[in-house]
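Asker: Following this line is data_17.cif, made up of mmCIF, C-alpha atoms:
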```
data_model
loop_
_atom_site.label_atom_id
_atom_site.label_comp_id
_atom_site.auth_asym_id
_atom_site.auth_seq_id
_atom_site.Cartn_x
_atom_site.Cartn_y
_atom_site.Cartn_z
CA MET G 1 -2.25 13.66 21.94
CA ASN G 2 -5.98 13.56 22.66
CA ILE G 3 -7.13 9.98 22.10
CA GLU G 4 -10.76 11.13 22.26
CA ALA G 5 -10.35 12.44 18.71
CA LEU G 6 -10.82 8.80 17.69
CA PHE G 7 -14.32 8.90 19.21
CA LYS G 8 -15.29 11.28 16.39
CA ILE G 9 -15.02 8.44 13.87
CA GLY G 10 -18.48 7.28 12.75
CA TYR G 11 -18.73 4.00 14.62
CA GLY G 12 -21.96 2.04 14.81
CA LEU G 13 -22.94 -0.55 17.40
CA TYR G 14 -23.78 -4.15 16.58
CA VAL G 15 -24.46 -7.59 18.01
CA LEU G 16 -22.02 -10.07 16.47
CA SER G 17 -23.30 -13.64 16.76
CA ALA G 18 -21.99 -17.13 16.02
CA HIS G 19 -23.01 -20.77 16.36
CA GLU G 20 -20.78 -23.72 17.15
CA ASN G 21 -21.66 -27.31 18.09
CA GLY G 22 -25.21 -26.43 19.15
CA PHE G 23 -24.20 -23.34 21.17
CA ASP G 24 -25.20 -19.79 20.27
CA ASN G 25 -23.33 -16.71 21.44
CA GLY G 26 -23.06 -13.00 20.71
CA CYS G 27 -21.21 -9.88 21.79
CA ILE G 28 -21.30 -6.12 21.23
CA ILE G 29 -18.84 -4.70 18.69
CA ASN G 30 -18.39 -1.25 17.15
CA THR G 31 -16.26 -1.97 14.10
CA VAL G 32 -18.03 -3.21 10.97
CA THR G 33 -17.38 -1.78 7.53
CA GLN G 34 -17.99 -2.68 3.92
CA VAL G 35 -14.62 -3.09 2.20
CA THR G 36 -15.66 -4.01 -1.37
CA ASN G 37 -18.88 -4.28 -3.34
CA THR G 38 -17.66 -6.55 -6.14
CA PRO G 39 -17.75 -8.99 -4.48
CA ASN G 40 -19.67 -7.73 -1.44
CA ARG G 41 -17.31 -8.04 1.50
CA ILE G 42 -17.27 -6.64 5.02
CA ALA G 43 -14.62 -6.41 7.73
CA VAL G 44 -15.53 -7.13 11.35
CA THR G 45 -13.10 -6.54 14.22
CA VAL G 46 -13.58 -8.32 17.55
CA ASN G 47 -11.64 -8.59 20.81
CA LYS G 48 -9.88 -11.93 21.29
CA GLN G 49 -11.23 -12.16 24.86
CA ASN G 50 -14.76 -12.69 23.51
CA LYS G 51 -16.04 -16.24 23.17
CA THR G 52 -17.72 -15.16 19.92
CA HIS G 53 -14.23 -14.48 18.54
CA ASP G 54 -13.12 -18.06 19.19
CA MET G 55 -16.31 -19.46 17.68
CA ILE G 56 -15.81 -17.49 14.46
CA MET G 57 -12.17 -18.58 14.29
CA LYS G 58 -13.39 -22.21 14.28
CA THR G 59 -16.53 -21.93 12.13
CA ALA G 60 -15.71 -18.97 9.80
CA HIS G 61 -19.36 -17.82 9.87
CA PHE G 62 -21.21 -15.04 11.71
CA ASN G 63 -24.16 -12.66 11.69
CA VAL G 64 -24.13 -8.93 12.41
CA SER G 65 -27.32 -7.39 13.85
CA VAL G 66 -27.29 -3.63 13.16
CA LEU G 67 -28.73 -1.99 16.28
CA SER G 68 -31.24 0.87 16.00
CA THR G 69 -31.80 3.93 18.18
CA ASP G 70 -34.63 2.30 20.16
CA VAL G 71 -32.19 -0.18 21.72
CA PRO G 72 -32.20 0.01 25.55
CA PHE G 73 -29.09 -0.06 27.73
CA GLU G 74 -30.16 -3.51 28.94
CA GLU G 75 -29.33 -4.94 25.51
CA PHE G 76 -25.76 -3.66 25.84
CA LYS G 77 -25.49 -5.09 29.35
CA HIS G 78 -26.83 -8.43 28.13
CA PHE G 79 -24.54 -8.86 25.13
CA GLY G 80 -21.61 -6.69 26.18
CA PHE G 81 -21.14 -6.75 29.96
CA GLN G 82 -21.10 -10.52 30.51
CA SER G 83 -19.24 -13.37 28.88
CA GLY G 84 -20.61 -16.25 26.87
CA LYS G 85 -18.01 -18.32 28.73
CA ASP G 86 -20.18 -17.88 31.84
CA VAL G 87 -23.77 -17.47 30.59
CA ASN G 88 -25.97 -18.49 27.67
CA LYS G 89 -26.88 -15.12 26.16
CA PHE G 90 -29.42 -16.72 23.83
CA ALA G 91 -31.15 -18.77 26.55
CA GLU G 92 -34.48 -17.07 25.77
CA ILE G 93 -34.44 -18.58 22.30
CA ASP G 94 -37.95 -17.39 21.36
CA LYS G 95 -36.72 -13.75 21.36
CA TYR G 96 -34.35 -14.41 18.48
CA LYS G 97 -34.46 -15.51 14.85
CA ARG G 98 -32.21 -18.06 13.16
CA THR G 99 -31.17 -17.12 9.63
CA GLU G 100 -30.29 -19.37 6.69
CA ASN G 101 -26.72 -19.86 7.90
CA GLY G 102 -28.02 -21.36 11.16
CA ILE G 103 -26.93 -18.40 13.31
CA LEU G 104 -29.26 -16.32 15.48
CA ILE G 105 -29.80 -12.57 15.15
CA ALA G 106 -30.89 -10.10 17.85
CA GLN G 107 -33.71 -8.74 15.70
CA GLU G 108 -35.82 -7.05 18.42
CA TYR G 109 -33.69 -3.88 18.36
CA ALA G 110 -32.04 -4.28 14.96
CA ASN G 111 -32.88 -2.53 11.69
CA ALA G 112 -30.91 -4.98 9.53
CA TYR G 113 -28.70 -8.03 9.62
CA ILE G 114 -25.75 -9.20 7.54
CA SER G 115 -24.42 -12.76 7.31
CA GLY G 116 -20.73 -13.29 6.63
CA SER G 117 -18.46 -16.15 5.59
CA VAL G 118 -14.84 -15.48 6.53
CA PHE G 119 -12.21 -15.93 3.84
CA HIS G 120 -9.34 -14.10 5.55
CA SER G 121 -8.40 -12.95 9.06
CA ILE G 122 -5.78 -10.49 10.28
CA ASP G 123 -4.19 -10.69 13.73
CA LEU G 124 -4.22 -7.19 15.25
CA GLY G 125 -2.79 -8.13 18.64
CA THR G 126 -5.69 -7.69 21.06
CA HIS G 127 -8.25 -8.09 18.23
CA THR G 128 -8.79 -10.06 15.04
CA MET G 129 -10.17 -8.53 11.87
CA PHE G 130 -12.33 -10.96 9.95
CA ILE G 131 -12.83 -10.16 6.26
CA ALA G 132 -15.90 -11.97 4.99
CA ASP G 133 -18.06 -12.48 1.95
CA VAL G 134 -21.64 -11.29 2.49
CA THR G 135 -23.82 -14.38 2.09
CA ASP G 136 -27.14 -12.85 3.17
CA ALA G 137 -28.52 -9.46 4.23
CA GLU G 138 -31.97 -8.11 5.05
CA ILE G 139 -33.53 -4.83 6.23
CA LEU G 140 -35.73 -5.36 9.31
CA SER G 141 -37.04 -1.82 9.93
CA ASP G 142 -36.70 1.79 8.82
CA LYS G 143 -35.41 2.97 12.22
CA GLU G 144 -32.11 4.87 12.37
CA SER G 145 -28.92 2.97 13.20
CA VAL G 146 -27.47 3.74 16.63
CA THR G 147 -24.01 5.30 16.49
CA TYR G 148 -21.32 5.21 19.15
CA ASP G 149 -21.88 8.93 19.74
CA TYR G 150 -25.66 8.46 20.11
CA TYR G 151 -25.06 5.63 22.58
CA HIS G 152 -22.86 7.82 24.79
CA LYS G 153 -25.23 10.79 24.70
CA ASN G 154 -28.62 9.09 24.89
CA ILE G 155 -28.39 5.45 26.05
CA LYS G 156 -25.46 4.94 28.41
CA PRO G 157 -26.36 5.91 32.01
CA LYS G 158 -24.50 8.81 33.56
CA PRO G 159 -21.45 7.73 35.61
CA GLU G 160 -21.91 6.84 39.26
CA LYS G 161 -20.38 9.19 41.83
CA LYS G 162 -17.13 8.23 43.49
CA THR G 163 -16.49 8.21 47.24
CA GLU G 164 -15.40 11.69 48.34
CA GLY G 165 -11.69 12.10 49.02
CA LYS G 166 -10.47 8.97 47.19
CA VAL G 167 -8.50 8.60 43.98
CA ALA G 168 -10.73 7.11 41.30
CA TYR G 169 -10.71 6.29 37.61
CA ARG G 170 -13.75 6.23 35.33
CA CYS G 171 -14.11 4.04 32.25
CA LYS G 172 -14.76 6.35 29.29
CA ILE G 173 -16.64 3.54 27.54
CA CYS G 174 -19.25 2.40 30.08
CA GLY G 175 -18.84 4.75 33.08
CA TYR G 176 -17.61 2.15 35.59
CA ILE G 177 -15.66 3.74 38.47
CA HIS G 178 -12.61 2.05 40.01
CA GLU G 179 -11.54 3.48 43.35
CA GLY G 180 -7.83 3.45 44.17
CA GLU G 181 -4.81 3.35 41.89
CA LEU G 182 -5.35 1.69 38.54
CA PRO G 183 -2.96 -1.15 37.58
CA GLU G 184 -1.62 -0.98 34.00
CA ASP G 185 -3.13 -4.38 33.21
CA PHE G 186 -6.56 -3.47 34.64
CA ILE G 187 -9.58 -4.61 32.60
CA CYS G 188 -12.99 -3.02 33.12
CA PRO G 189 -15.22 -5.65 34.77
CA LEU G 190 -18.24 -4.37 32.82
CA CYS G 191 -17.17 -3.66 29.25
CA LYS G 192 -13.75 -5.39 29.21
CA HIS G 193 -11.85 -2.31 28.00
CA PRO G 194 -8.25 -1.79 29.20
CA ALA G 195 -6.76 0.74 31.63
CA SER G 196 -5.97 3.07 28.70
CA ASP G 197 -9.71 3.75 28.38
CA PHE G 198 -9.95 5.08 31.96
CA GLU G 199 -9.64 8.70 33.08
CA LYS G 200 -8.68 9.97 36.52
CA ILE G 201 -11.58 11.83 38.13
CA GLY G 202 -10.16 13.15 41.39
CA GLU G 203 -8.46 12.56 44.70
#
```
What does this structure look like when you write it as C-alpha cells?

Answerer:
Amino acid sequence: MNIEALFKIGYGLYVLSAHENGFDNGCIINTVTQVTNTPNRIAVTVNKQNKTHDMIMKTAHFNVSVLSTDVPFEEFKHFGFQSGKDVNKFAEIDKYKRTENGILIAQEYANAYISGSVFHSIDLGTHTMFIADVTDAEILSDKESVTYDYYHKNIKPKPEKKTEGKVAYRCKICGYIHEGELPEDFICPLCKHPASDFEKIGE
C-alpha cells in the first residue's frame, strides 16, 4: 500500500483558533469540510495534542481562517511548529481581528473566515472531529486558497541534508530529519506528526 495516495485528496490549510478565559490560541489544520447546507454545517478535525483542541472541547466555539497562496512559511512555523501550551501565538494582538464570537482570526494571509458553534463531536482516537453550525462567514480577499499540494511544492522549504553515512528518517510533512533509528512512538518536534509520516532516506 502506498499511503502517499492519500496526499492526492484535495486538502486545504487553515488556522483554527479559539478563545477561553481571556486566552487566544490557534493551530494549523488541513481538514475542514462543509457537511450540509441546510443548515450550514462544517466538520473540523484537530489533533488532541493541540491546546486549541482542548479549548474547543470546553467552549464549543472556533474560527477557521482559510489561508491563501501568499502565505509565507513563517506563518506555518508560527501556528503549527510550536505549542500554545508554551507560547502565546496571538501576543502581537494588533495583527489579528476579533470577530463577533469573540475569537481572533489570522486575517493577514487569509481569504475568508468561518465561525463555528459545535453541536456534536466524534472521538477518532488521535483526533476529534467537531461538527459545527456556521454562525458567521466572510470573504476577505479574492486570492486563491492554498492547498496541501501547493504548500508542499511552493511554500515548504526543501529538506535539509543528512550527515553522510548515517541512517536517517525525513518527515514527509515538514522535512525535519531525524538521524539514527526512529522509535515507533517518535513525534516530529516541528509539526507533531508521528513516526508513520517519516521515510528512511539512507544509511

Asker: Going by the chain IDs and residue numbers used in this file, which residues fall under the PyMOL selection byres ((chain G and resi 121-129) around 8)? Write them as JSON, numbers by chain.

Answerer: {"G": [43, 44, 45, 46, 47, 48, 53, 118, 119, 120, 130, 131]}

Asker: Show me, as JSON lines, the residues of stretch 57-82 of chain G having an atom within 12 Å of stretch 149-155 of chain G, each with the closest atom pair and its distance in Å, using all atoms listed in the file.

Answerer:
```
{"residue": "G:Leu67", "atom": "CA", "partner": "G:Tyr151", "partner_atom": "CA", "distance": 10.5}
{"residue": "G:Ser68", "atom": "CA", "partner": "G:Tyr151", "partner_atom": "CA", "distance": 10.2}
{"residue": "G:Thr69", "atom": "CA", "partner": "G:Tyr150", "partner_atom": "CA", "distance": 7.9}
{"residue": "G:Asp70", "atom": "CA", "partner": "G:Ile155", "partner_atom": "CA", "distance": 9.1}
{"residue": "G:Val71", "atom": "CA", "partner": "G:Ile155", "partner_atom": "CA", "distance": 8.1}
{"residue": "G:Pro72", "atom": "CA", "partner": "G:Ile155", "partner_atom": "CA", "distance": 6.7}
{"residue": "G:Phe73", "atom": "CA", "partner": "G:Ile155", "partner_atom": "CA", "distance": 5.8}
{"residue": "G:Glu74", "atom": "CA", "partner": "G:Ile155", "partner_atom": "CA", "distance": 9.6}
{"residue": "G:Glu75", "atom": "CA", "partner": "G:Ile155", "partner_atom": "CA", "distance": 10.4}
{"residue": "G:Phe76", "atom": "CA", "partner": "G:Ile155", "partner_atom": "CA", "distance": 9.5}
{"residue": "G:Lys77", "atom": "CA", "partner": "G:Ile155", "partner_atom": "CA", "distance": 11.4}
```

Asker: When you count all atoms listed in the file, which of these residues is closest to G:Val87: G:Cys27, G:Val35, G:Ile177, G:Cys191?

Answerer: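 Among G:Cys27, G:Val35, G:Ile177, G:Cys191, it is G:Cys27 that comes nearest to G:Val87.
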
Asker: Taking only C-alpha atoms into account, name the residue in G:Ala168, G:Ile42, G:Ile187, G:Ile105 that is nearest to G:Val64.

Answerer: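 For G:Val64, the nearest of the candidates is G:Ile105.
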
Asker: I need the output of the PyMOL selection byres ((chain G and resi 65) around 7) for this file as a short mmCIF file (atom, residue, chain, number, x, y, z; two decimals) with C-alpha atoms, in the frame of the given file; which residues are they?

Answerer:
```
data_model
loop_
_atom_site.label_atom_id
_atom_site.label_comp_id
_atom_site.auth_asym_id
_atom_site.auth_seq_id
_atom_site.Cartn_x
_atom_site.Cartn_y
_atom_site.Cartn_z
CA TYR G 14 -23.78 -4.15 16.58
CA VAL G 15 -24.46 -7.59 18.01
CA LEU G 16 -22.02 -10.07 16.47
CA ASN G 63 -24.16 -12.66 11.69
CA VAL G 64 -24.13 -8.93 12.41
CA VAL G 66 -27.29 -3.63 13.16
CA LEU G 67 -28.73 -1.99 16.28
CA ILE G 105 -29.80 -12.57 15.15
CA ALA G 106 -30.89 -10.10 17.85
CA GLN G 107 -33.71 -8.74 15.70
CA ALA G 110 -32.04 -4.28 14.96
CA ALA G 112 -30.91 -4.98 9.53
CA TYR G 113 -28.70 -8.03 9.62
CA ILE G 114 -25.75 -9.20 7.54
#
```

Asker: For the structure provided, state which residues fall under the PyMOL selection byres ((chain G and resi 183) around 12), and present them as number ranges by chain.

Answerer: G: 168-169, 178-182, 184-188, 194-196, 198

Asker: Quick one: write out the picked residues with C-alpha atoms as a PDB file, in the coordinates of the input?

Answerer:
```pdb
ATOM      1  CA  ALA G 168     -10.730   7.110  41.300  1.00  0.00           C
ATOM      2  CA  TYR G 169     -10.710   6.290  37.610  1.00  0.00           C
ATOM      3  CA  HIS G 178     -12.610   2.050  40.010  1.00  0.00           C
ATOM      4  CA  GLU G 179     -11.540   3.480  43.350  1.00  0.00           C
ATOM      5  CA  GLY G 180      -7.830   3.450  44.170  1.00  0.00           C
ATOM      6  CA  GLU G 181      -4.810   3.350  41.890  1.00  0.00           C
ATOM      7  CA  LEU G 182      -5.350   1.690  38.540  1.00  0.00           C
ATOM      8  CA  GLU G 184      -1.620  -0.980  34.000  1.00  0.00           C
ATOM      9  CA  ASP G 185      -3.130  -4.380  33.210  1.00  0.00           C
ATOM     10  CA  PHE G 186      -6.560  -3.470  34.640  1.00  0.00           C
ATOM     11  CA  ILE G 187      -9.580  -4.610  32.600  1.00  0.00           C
ATOM     12  CA  CYS G 188     -12.990  -3.020  33.120  1.00  0.00           C
ATOM     13  CA  PRO G 194      -8.250  -1.790  29.200  1.00  0.00           C
ATOM     14  CA  ALA G 195      -6.760   0.740  31.630  1.00  0.00           C
ATOM     15  CA  SER G 196      -5.970   3.070  28.700  1.00  0.00           C
ATOM     16  CA  PHE G 198      -9.950   5.080  31.960  1.00  0.00           C
TER      17      PHE G 198
END
```

Asker: Find the distance between atom CA of G:Ser145 and atom CA of G:Phe23 and write it in Å to one decimal.

Answerer: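 These two atoms are separated by 27.9 Å.
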
Asker: Could you tell me which of G:Met1, G:Gly102, G:Gly84, G:Ala60 comes closest to G:Gly22 if we count all atoms listed in the file?

Answerer: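 For G:Gly22, the nearest of the candidates is G:Gly102.
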
Asker: For atom CA of G:Asn40 and atom CA of G:Tyr96, quote the distance in Å rounded to one decimal.

Answerer: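 The value is 25.6 Å.
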
Asker: Restricting the calculation to all atoms listed in the file, which member of G:Thr33, G:Asp54, G:Pro157, G:His19 is positioned closest to G:Lys89?

Answerer: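 Closest to G:Lys89, using all atoms listed in the file: G:His19.
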